[in-house]
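Shown here: target.txt, compact mmCIF, N, CA, C and O atoms.
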# COMPACT_ATOMS: atom_id res chain seq x y z
N MET B 5 -30.70 63.13 -72.05
CA MET B 5 -30.61 64.49 -72.53
C MET B 5 -31.94 64.93 -73.15
O MET B 5 -32.41 66.03 -72.89
N VAL B 6 -32.54 64.05 -73.95
CA VAL B 6 -33.83 64.37 -74.57
C VAL B 6 -34.90 64.55 -73.50
O VAL B 6 -35.74 65.46 -73.60
N LEU B 7 -34.85 63.72 -72.47
CA LEU B 7 -35.80 63.84 -71.38
C LEU B 7 -35.67 65.20 -70.69
O LEU B 7 -36.67 65.89 -70.45
N PHE B 8 -34.46 65.62 -70.41
CA PHE B 8 -34.22 66.91 -69.75
C PHE B 8 -34.72 68.06 -70.61
O PHE B 8 -35.42 68.95 -70.13
N VAL B 9 -34.38 68.05 -71.90
CA VAL B 9 -34.81 69.13 -72.81
C VAL B 9 -36.33 69.13 -72.93
O VAL B 9 -36.96 70.20 -72.94
N GLY B 10 -36.94 67.97 -72.99
CA GLY B 10 -38.39 67.88 -73.06
C GLY B 10 -39.08 68.44 -71.83
O GLY B 10 -40.07 69.16 -71.94
N VAL B 11 -38.55 68.12 -70.66
CA VAL B 11 -39.12 68.64 -69.41
C VAL B 11 -38.99 70.16 -69.36
O VAL B 11 -39.94 70.86 -69.02
N VAL B 12 -37.82 70.67 -69.72
CA VAL B 12 -37.61 72.12 -69.71
C VAL B 12 -38.55 72.80 -70.70
O VAL B 12 -39.17 73.82 -70.38
N ALA B 13 -38.69 72.25 -71.89
CA ALA B 13 -39.58 72.84 -72.90
C ALA B 13 -41.03 72.84 -72.41
O ALA B 13 -41.74 73.84 -72.57
N ALA B 14 -41.46 71.76 -71.81
CA ALA B 14 -42.84 71.69 -71.31
C ALA B 14 -43.06 72.70 -70.18
O ALA B 14 -44.09 73.38 -70.14
N ILE B 15 -42.10 72.83 -69.29
CA ILE B 15 -42.22 73.79 -68.18
C ILE B 15 -42.26 75.22 -68.71
O ILE B 15 -43.09 76.02 -68.28
N VAL B 16 -41.37 75.54 -69.64
CA VAL B 16 -41.35 76.89 -70.21
C VAL B 16 -42.68 77.18 -70.92
O VAL B 16 -43.23 78.27 -70.80
N GLY B 17 -43.20 76.22 -71.63
CA GLY B 17 -44.48 76.40 -72.31
C GLY B 17 -45.63 76.64 -71.35
O GLY B 17 -46.45 77.53 -71.55
N ILE B 18 -45.68 75.88 -70.27
CA ILE B 18 -46.75 76.03 -69.28
C ILE B 18 -46.62 77.37 -68.57
O ILE B 18 -47.62 78.08 -68.37
N VAL B 19 -45.41 77.75 -68.19
CA VAL B 19 -45.20 79.04 -67.54
C VAL B 19 -45.59 80.17 -68.49
O VAL B 19 -46.22 81.15 -68.09
N GLY B 20 -45.25 80.03 -69.77
CA GLY B 20 -45.62 81.04 -70.76
C GLY B 20 -47.12 81.22 -70.88
O GLY B 20 -47.61 82.32 -71.14
N LEU B 21 -47.88 80.15 -70.70
CA LEU B 21 -49.34 80.25 -70.73
C LEU B 21 -49.88 81.01 -69.52
O LEU B 21 -50.93 81.64 -69.60
N LEU B 22 -49.17 80.97 -68.41
CA LEU B 22 -49.67 81.56 -67.17
C LEU B 22 -49.15 82.96 -66.89
O LEU B 22 -49.73 83.68 -66.08
N VAL B 23 -48.06 83.36 -67.54
CA VAL B 23 -47.48 84.69 -67.30
C VAL B 23 -48.37 85.76 -67.93
O VAL B 23 -48.84 85.61 -69.05
N PRO B 24 -48.63 86.86 -67.21
CA PRO B 24 -49.48 87.92 -67.75
C PRO B 24 -48.89 88.57 -69.01
O PRO B 24 -47.68 88.68 -69.17
N VAL B 25 -49.80 89.00 -69.89
CA VAL B 25 -49.44 89.67 -71.14
C VAL B 25 -49.88 91.12 -71.03
O VAL B 25 -50.97 91.40 -70.52
N SER B 26 -49.04 92.03 -71.51
CA SER B 26 -49.44 93.44 -71.57
C SER B 26 -49.03 94.00 -72.93
O SER B 26 -48.12 93.48 -73.57
N VAL B 27 -49.73 95.06 -73.35
CA VAL B 27 -49.46 95.66 -74.65
C VAL B 27 -49.34 97.17 -74.51
O VAL B 27 -49.82 97.77 -73.55
N GLY B 28 -48.70 97.76 -75.50
CA GLY B 28 -48.58 99.21 -75.56
C GLY B 28 -47.53 99.75 -74.62
O GLY B 28 -47.03 99.05 -73.74
N GLU B 29 -47.20 101.02 -74.83
CA GLU B 29 -46.21 101.67 -73.98
C GLU B 29 -46.72 101.84 -72.55
O GLU B 29 -45.94 101.93 -71.61
N GLU B 30 -48.03 101.89 -72.40
CA GLU B 30 -48.64 102.06 -71.08
C GLU B 30 -48.69 100.76 -70.30
O GLU B 30 -48.99 100.75 -69.13
N GLY B 31 -48.44 99.65 -70.97
CA GLY B 31 -48.47 98.34 -70.31
C GLY B 31 -49.88 97.91 -69.93
O GLY B 31 -50.12 97.44 -68.83
N VAL B 32 -50.82 98.05 -70.86
CA VAL B 32 -52.21 97.66 -70.63
C VAL B 32 -52.26 96.14 -70.47
O VAL B 32 -51.82 95.40 -71.33
N SER B 33 -52.83 95.69 -69.37
CA SER B 33 -52.89 94.26 -69.06
C SER B 33 -53.94 93.55 -69.91
O SER B 33 -55.03 94.07 -70.13
N CYS B 34 -53.59 92.34 -70.35
CA CYS B 34 -54.50 91.51 -71.15
C CYS B 34 -54.84 90.20 -70.45
O CYS B 34 -55.50 89.34 -71.04
N GLY B 35 -54.37 90.01 -69.24
CA GLY B 35 -54.53 88.72 -68.57
C GLY B 35 -53.42 87.80 -69.03
O GLY B 35 -52.35 88.24 -69.43
N SER B 36 -53.67 86.51 -69.00
CA SER B 36 -52.68 85.54 -69.47
C SER B 36 -53.25 84.79 -70.67
O SER B 36 -54.44 84.87 -70.95
N ALA B 37 -52.40 84.03 -71.34
CA ALA B 37 -52.87 83.26 -72.49
C ALA B 37 -53.88 82.20 -72.07
O ALA B 37 -54.79 81.87 -72.82
N ALA B 38 -53.75 81.69 -70.86
CA ALA B 38 -54.68 80.70 -70.35
C ALA B 38 -55.98 81.32 -69.85
O ALA B 38 -57.05 80.73 -69.98
N MET B 39 -55.88 82.53 -69.29
CA MET B 39 -57.05 83.23 -68.75
C MET B 39 -57.04 84.69 -69.19
O MET B 39 -56.61 85.57 -68.45
N PRO B 40 -57.50 84.97 -70.42
CA PRO B 40 -57.49 86.34 -70.90
C PRO B 40 -58.46 87.23 -70.13
O PRO B 40 -59.49 86.76 -69.64
N ASP B 41 -58.09 88.50 -69.99
CA ASP B 41 -58.93 89.49 -69.31
C ASP B 41 -58.82 90.79 -70.08
O ASP B 41 -57.80 91.48 -70.00
N TYR B 42 -59.85 91.12 -70.84
CA TYR B 42 -59.83 92.30 -71.70
C TYR B 42 -60.39 93.55 -71.02
O TYR B 42 -60.52 94.58 -71.67
N SER B 43 -60.72 93.50 -69.74
CA SER B 43 -61.37 94.63 -69.09
C SER B 43 -60.50 95.89 -69.11
O SER B 43 -60.98 96.98 -69.43
N GLU B 44 -59.22 95.77 -68.80
CA GLU B 44 -58.33 96.93 -68.81
C GLU B 44 -58.11 97.43 -70.24
O GLU B 44 -58.04 98.63 -70.48
N ALA B 45 -58.05 96.52 -71.20
CA ALA B 45 -57.88 96.90 -72.60
C ALA B 45 -59.11 97.65 -73.11
O ALA B 45 -58.99 98.65 -73.82
N ARG B 46 -60.30 97.17 -72.74
CA ARG B 46 -61.53 97.87 -73.14
C ARG B 46 -61.58 99.26 -72.54
O ARG B 46 -61.95 100.23 -73.21
N ALA B 47 -61.23 99.37 -71.26
CA ALA B 47 -61.26 100.67 -70.59
C ALA B 47 -60.26 101.64 -71.23
O ALA B 47 -60.56 102.81 -71.43
N ALA B 48 -59.07 101.15 -71.56
CA ALA B 48 -58.06 102.02 -72.18
C ALA B 48 -58.48 102.45 -73.57
O ALA B 48 -58.25 103.60 -73.98
N THR B 49 -59.11 101.57 -74.32
CA THR B 49 -59.59 101.92 -75.66
C THR B 49 -60.74 102.92 -75.57
O THR B 49 -60.77 103.91 -76.29
N ASP B 50 -61.69 102.69 -74.65
CA ASP B 50 -62.84 103.58 -74.49
C ASP B 50 -62.42 104.95 -73.96
O ASP B 50 -62.94 105.98 -74.38
N PHE B 51 -61.46 104.96 -73.04
CA PHE B 51 -61.01 106.21 -72.43
C PHE B 51 -60.36 107.13 -73.46
O PHE B 51 -60.62 108.30 -73.51
N GLY B 52 -59.52 106.57 -74.30
CA GLY B 52 -58.81 107.37 -75.28
C GLY B 52 -59.60 107.61 -76.54
O GLY B 52 -59.33 108.54 -77.30
N GLY B 53 -60.61 106.81 -76.78
CA GLY B 53 -61.34 106.92 -78.04
C GLY B 53 -60.48 106.38 -79.16
O GLY B 53 -59.26 106.43 -79.10
N VAL B 54 -61.10 105.90 -80.20
CA VAL B 54 -60.35 105.34 -81.31
C VAL B 54 -60.47 106.28 -82.50
O VAL B 54 -61.57 106.59 -82.94
N ASN B 55 -59.34 106.76 -82.99
CA ASN B 55 -59.27 107.58 -84.20
C ASN B 55 -60.22 108.78 -84.16
O ASN B 55 -61.09 108.94 -84.99
N ILE B 56 -60.06 109.63 -83.18
CA ILE B 56 -60.90 110.81 -83.02
C ILE B 56 -60.33 111.95 -83.85
O ILE B 56 -59.15 112.30 -83.71
N PRO B 57 -61.13 112.57 -84.74
CA PRO B 57 -60.63 113.72 -85.50
C PRO B 57 -60.49 114.94 -84.58
O PRO B 57 -61.38 115.26 -83.82
N VAL B 58 -59.34 115.60 -84.64
CA VAL B 58 -59.08 116.79 -83.83
C VAL B 58 -58.49 117.86 -84.73
O VAL B 58 -57.33 117.76 -85.14
N LEU B 59 -59.25 118.88 -85.05
CA LEU B 59 -58.77 120.05 -85.80
C LEU B 59 -57.80 119.72 -86.93
O LEU B 59 -56.60 119.93 -86.82
N ASP B 60 -58.31 119.19 -87.99
CA ASP B 60 -57.54 118.90 -89.20
C ASP B 60 -56.50 117.80 -89.04
O ASP B 60 -55.58 117.69 -89.83
N GLU B 61 -56.56 117.03 -88.01
CA GLU B 61 -55.67 115.88 -87.86
C GLU B 61 -56.44 114.78 -87.13
O GLU B 61 -57.50 115.02 -86.59
N VAL B 62 -55.91 113.64 -87.15
CA VAL B 62 -56.57 112.51 -86.48
C VAL B 62 -55.70 112.07 -85.32
O VAL B 62 -54.52 111.77 -85.47
N LEU B 63 -56.30 112.08 -84.14
CA LEU B 63 -55.63 111.58 -82.95
C LEU B 63 -55.85 110.08 -82.92
O LEU B 63 -56.98 109.61 -82.76
N VAL B 64 -54.79 109.32 -83.10
CA VAL B 64 -54.91 107.86 -83.19
C VAL B 64 -54.65 107.26 -81.82
O VAL B 64 -53.58 107.43 -81.25
N ASN B 65 -55.64 106.56 -81.33
CA ASN B 65 -55.49 105.80 -80.10
C ASN B 65 -55.60 104.32 -80.47
O ASN B 65 -56.55 103.93 -81.13
N PRO B 66 -54.64 103.53 -80.08
CA PRO B 66 -54.69 102.11 -80.47
C PRO B 66 -55.92 101.41 -79.91
O PRO B 66 -56.43 101.74 -78.85
N ASP B 67 -56.38 100.42 -80.65
CA ASP B 67 -57.44 99.54 -80.17
C ASP B 67 -56.76 98.46 -79.34
O ASP B 67 -56.26 97.46 -79.86
N TYR B 68 -56.74 98.68 -78.03
CA TYR B 68 -56.01 97.77 -77.14
C TYR B 68 -56.63 96.37 -77.10
O TYR B 68 -55.92 95.41 -76.87
N VAL B 69 -57.93 96.27 -77.32
CA VAL B 69 -58.56 94.95 -77.34
C VAL B 69 -58.01 94.13 -78.50
O VAL B 69 -57.67 92.96 -78.34
N ALA B 70 -57.89 94.76 -79.67
CA ALA B 70 -57.33 94.06 -80.83
C ALA B 70 -55.86 93.71 -80.61
O ALA B 70 -55.40 92.63 -80.98
N LEU B 71 -55.12 94.64 -80.01
CA LEU B 71 -53.70 94.37 -79.71
C LEU B 71 -53.57 93.21 -78.72
O LEU B 71 -52.70 92.35 -78.89
N CYS B 72 -54.41 93.20 -77.70
CA CYS B 72 -54.38 92.11 -76.72
C CYS B 72 -54.72 90.78 -77.39
O CYS B 72 -54.07 89.77 -77.13
N ASP B 73 -55.74 90.81 -78.23
CA ASP B 73 -56.16 89.59 -78.91
C ASP B 73 -55.02 89.02 -79.75
O ASP B 73 -54.73 87.82 -79.70
N ALA B 74 -54.33 89.89 -80.49
CA ALA B 74 -53.21 89.44 -81.32
C ALA B 74 -52.06 88.92 -80.46
O ALA B 74 -51.46 87.88 -80.76
N GLU B 75 -51.74 89.64 -79.40
CA GLU B 75 -50.63 89.23 -78.53
C GLU B 75 -50.94 87.91 -77.83
O GLU B 75 -50.07 87.03 -77.72
N LEU B 76 -52.17 87.74 -77.36
CA LEU B 76 -52.56 86.48 -76.71
C LEU B 76 -52.56 85.32 -77.70
O LEU B 76 -52.16 84.21 -77.35
N ARG B 77 -52.99 85.58 -78.92
CA ARG B 77 -52.97 84.53 -79.96
C ARG B 77 -51.53 84.10 -80.23
O ARG B 77 -51.24 82.90 -80.32
N ASP B 78 -50.63 85.07 -80.36
CA ASP B 78 -49.21 84.74 -80.57
C ASP B 78 -48.64 83.95 -79.39
O ASP B 78 -47.91 82.98 -79.58
N ARG B 79 -48.98 84.39 -78.18
CA ARG B 79 -48.47 83.70 -76.98
C ARG B 79 -48.97 82.28 -76.94
O ARG B 79 -48.23 81.34 -76.65
N ARG B 80 -50.26 82.08 -77.25
CA ARG B 80 -50.81 80.71 -77.25
C ARG B 80 -50.13 79.84 -78.29
O ARG B 80 -49.85 78.67 -78.04
N THR B 81 -49.86 80.41 -79.45
CA THR B 81 -49.24 79.64 -80.53
C THR B 81 -47.92 79.05 -80.09
O THR B 81 -47.69 77.84 -80.21
N TRP B 82 -47.01 79.88 -79.58
CA TRP B 82 -45.69 79.35 -79.25
C TRP B 82 -45.69 78.55 -77.96
O TRP B 82 -44.95 77.57 -77.83
N THR B 83 -46.53 78.91 -76.98
CA THR B 83 -46.49 78.16 -75.72
C THR B 83 -47.13 76.77 -75.87
O THR B 83 -46.61 75.80 -75.33
N ILE B 84 -48.24 76.69 -76.59
CA ILE B 84 -48.87 75.38 -76.78
C ILE B 84 -47.98 74.48 -77.62
O ILE B 84 -47.82 73.29 -77.33
N THR B 85 -47.35 75.06 -78.65
CA THR B 85 -46.43 74.28 -79.48
C THR B 85 -45.25 73.78 -78.65
O THR B 85 -44.88 72.60 -78.72
N LEU B 86 -44.66 74.67 -77.87
CA LEU B 86 -43.51 74.29 -77.04
C LEU B 86 -43.90 73.23 -76.01
O LEU B 86 -43.16 72.26 -75.80
N THR B 87 -45.06 73.38 -75.39
CA THR B 87 -45.52 72.40 -74.41
C THR B 87 -45.75 71.04 -75.07
O THR B 87 -45.36 70.00 -74.52
N ALA B 88 -46.37 71.04 -76.24
CA ALA B 88 -46.63 69.78 -76.95
C ALA B 88 -45.33 69.09 -77.36
O ALA B 88 -45.18 67.87 -77.18
N VAL B 89 -44.39 69.85 -77.90
CA VAL B 89 -43.10 69.27 -78.31
C VAL B 89 -42.37 68.73 -77.08
O VAL B 89 -41.80 67.62 -77.12
N GLY B 90 -42.41 69.47 -75.98
CA GLY B 90 -41.77 68.99 -74.75
C GLY B 90 -42.41 67.71 -74.24
O GLY B 90 -41.72 66.77 -73.84
N ALA B 91 -43.74 67.67 -74.27
CA ALA B 91 -44.44 66.46 -73.81
C ALA B 91 -44.13 65.27 -74.70
O ALA B 91 -43.90 64.16 -74.20
N ILE B 92 -44.08 65.48 -76.00
CA ILE B 92 -43.74 64.40 -76.93
C ILE B 92 -42.31 63.90 -76.68
O ILE B 92 -42.05 62.70 -76.68
N ALA B 93 -41.40 64.84 -76.43
CA ALA B 93 -40.01 64.45 -76.16
C ALA B 93 -39.92 63.65 -74.86
O ALA B 93 -39.19 62.64 -74.79
N VAL B 94 -40.64 64.07 -73.83
CA VAL B 94 -40.62 63.34 -72.56
C VAL B 94 -41.19 61.94 -72.74
O VAL B 94 -40.60 60.95 -72.29
N ILE B 95 -42.33 61.85 -73.41
CA ILE B 95 -42.95 60.54 -73.63
C ILE B 95 -42.03 59.64 -74.46
O ILE B 95 -41.83 58.47 -74.14
N GLY B 96 -41.45 60.21 -75.51
CA GLY B 96 -40.53 59.43 -76.35
C GLY B 96 -39.31 58.96 -75.57
O GLY B 96 -38.89 57.80 -75.72
N ALA B 97 -38.75 59.83 -74.75
CA ALA B 97 -37.58 59.45 -73.95
C ALA B 97 -37.93 58.35 -72.95
O ALA B 97 -37.16 57.42 -72.74
N LEU B 98 -39.10 58.45 -72.33
CA LEU B 98 -39.51 57.42 -71.37
C LEU B 98 -39.78 56.09 -72.05
O LEU B 98 -39.41 55.03 -71.53
N VAL B 99 -40.39 56.13 -73.23
CA VAL B 99 -40.64 54.89 -73.98
C VAL B 99 -39.32 54.25 -74.38
O VAL B 99 -39.13 53.03 -74.23
N MET B 100 -38.38 55.05 -74.88
CA MET B 100 -37.08 54.51 -75.29
C MET B 100 -36.31 53.96 -74.09
O MET B 100 -35.66 52.92 -74.19
N ALA B 101 -36.40 54.66 -72.96
CA ALA B 101 -35.71 54.17 -71.75
C ALA B 101 -36.32 52.85 -71.30
O ALA B 101 -35.59 51.92 -70.91
N ARG B 102 -37.62 52.76 -71.38
CA ARG B 102 -38.27 51.51 -70.97
C ARG B 102 -37.89 50.37 -71.92
O ARG B 102 -37.63 49.25 -71.48
N ARG B 103 -37.86 50.65 -73.22
CA ARG B 103 -37.48 49.62 -74.19
C ARG B 103 -36.04 49.18 -74.00
O ARG B 103 -35.74 48.00 -74.08
N SER B 104 -35.14 50.14 -73.78
CA SER B 104 -33.74 49.76 -73.59
C SER B 104 -33.56 49.02 -72.28
O SER B 104 -32.76 48.10 -72.19
N GLY B 105 -34.32 49.38 -71.27
CA GLY B 105 -34.28 48.64 -70.00
C GLY B 105 -34.82 47.24 -70.15
O GLY B 105 -34.31 46.29 -69.58
N GLN B 106 -35.85 47.10 -70.96
CA GLN B 106 -36.43 45.77 -71.22
C GLN B 106 -35.44 44.92 -72.01
O GLN B 106 -35.32 43.73 -71.76
N ALA B 107 -34.71 45.53 -72.94
CA ALA B 107 -33.73 44.80 -73.74
C ALA B 107 -32.60 44.29 -72.84
O ALA B 107 -32.11 43.17 -73.01
N VAL B 108 -32.19 45.09 -71.88
CA VAL B 108 -31.14 44.68 -70.95
C VAL B 108 -31.63 43.50 -70.11
O VAL B 108 -30.90 42.53 -69.88
N LEU B 109 -32.88 43.55 -69.66
CA LEU B 109 -33.43 42.45 -68.87
C LEU B 109 -33.54 41.18 -69.72
O LEU B 109 -33.30 40.07 -69.21
N ASP B 110 -33.92 41.31 -70.98
CA ASP B 110 -34.04 40.15 -71.86
C ASP B 110 -32.68 39.50 -72.10
O ASP B 110 -32.58 38.28 -72.20
N LYS B 111 -31.61 40.28 -72.18
CA LYS B 111 -30.27 39.73 -72.42
C LYS B 111 -29.77 38.97 -71.19
O LYS B 111 -28.98 38.04 -71.31
N ARG B 112 -30.20 39.36 -70.02
CA ARG B 112 -29.75 38.70 -68.79
C ARG B 112 -30.37 37.33 -68.63
O ARG B 112 -29.84 36.49 -67.94
N ARG B 113 -31.50 37.08 -69.24
CA ARG B 113 -32.19 35.79 -69.07
C ARG B 113 -31.58 34.73 -69.86
O ARG B 113 -30.98 34.36 -70.57
Represent the structure from my file as structure tokens, please.
Amino acid sequence: MVLFVGVVAAIVGIVGLLVPVSVGEEGVSCGSAAMPDYSEARAATDFGGVNIPVLDEVLVNPDYVALCDAELRDRRTWTITLTAVGAIAVIGALVMARRSGQAVLDKRR
């Protein structure tokens, strides 16, 4: 059971690193946690301008590069943690299986 959960956790973590990340209502692409790409975020930020004053009010355009950076950092945090925990569970399950298999062989002798 631990082996199965560990494998699933590791797979989900690796897939999470590779799945594209997007931010904002417009769905501005940030690349993936493993391969970030800020080009679309830079273009969206430059196109809209950041905090441009317009006739007694401020038109706020999000800084998509900062949003992408934060979202990618969050994605890396949980995916790397999940992958590491899954890998540790798999290794632990294999070590325990090998030890219990060795104990069975020792009892037969």
Run DSSP on the backbone and give me the residues of stretch 7-113 of chain B it puts in strand (DSSP E or B), as a PyMOL selection string. chain B and resi 24-27+32-36+40+56-58+61-63
Which value, in Å to one decimal, gives the distance between atom C of B:Asp73 and atom CA of B:Val89? 23.1 Å
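The set of protein, DNA and RNA residues with any counted atom at most 6 Å from (-37.1, 61.4, -73.6) (only C-alpha atoms) reads Val6, Leu7, Ala93, Val94, Ile95, Gly96, Ala97 and Leu98 of chain B.
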Figure out the distance between atom CA of B:Met5 and atom CA of B:Trp82, please, to one decimal in Å. 22.2 Å
Quick one: everything within 5 Å of B:Ala45, counting all atoms listed in the file, minus sequence neighbours fewer than 3 positions away in the same chain. Send it as a list in words.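 Surrounding residues, per the criterion: Ser33, Tyr42, Ala48, Thr49, Asp50, Tyr68 and Val69 of chain B.
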Counting all atoms listed in the file, what is within 8 Å of B:Ala37, bar same-chain residues fewer than 3 positions away, as a VMD selection string? chain B and resid 19 to 25 34 40 to 41 75 to 77 79 to 80
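Here atom CA of B:Gly35 and atom CA of B:Phe51 stand 19.0 Å from one another.
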Give me every helix (DSSP H, G or I) residue in chain B, going by DSSP on the backbone, as a PyMOL selection string. chain B and resi 6-22+43-52+68-112
Selection: 5 Å around stretch 83-86 of chain B, only N, CA, C and O atoms, excl. self and same-chain fewer than 6 positions, as a list in words: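 Listing them by chain and then by number gives Ala13, Ala14 and Gly17 of chain B.
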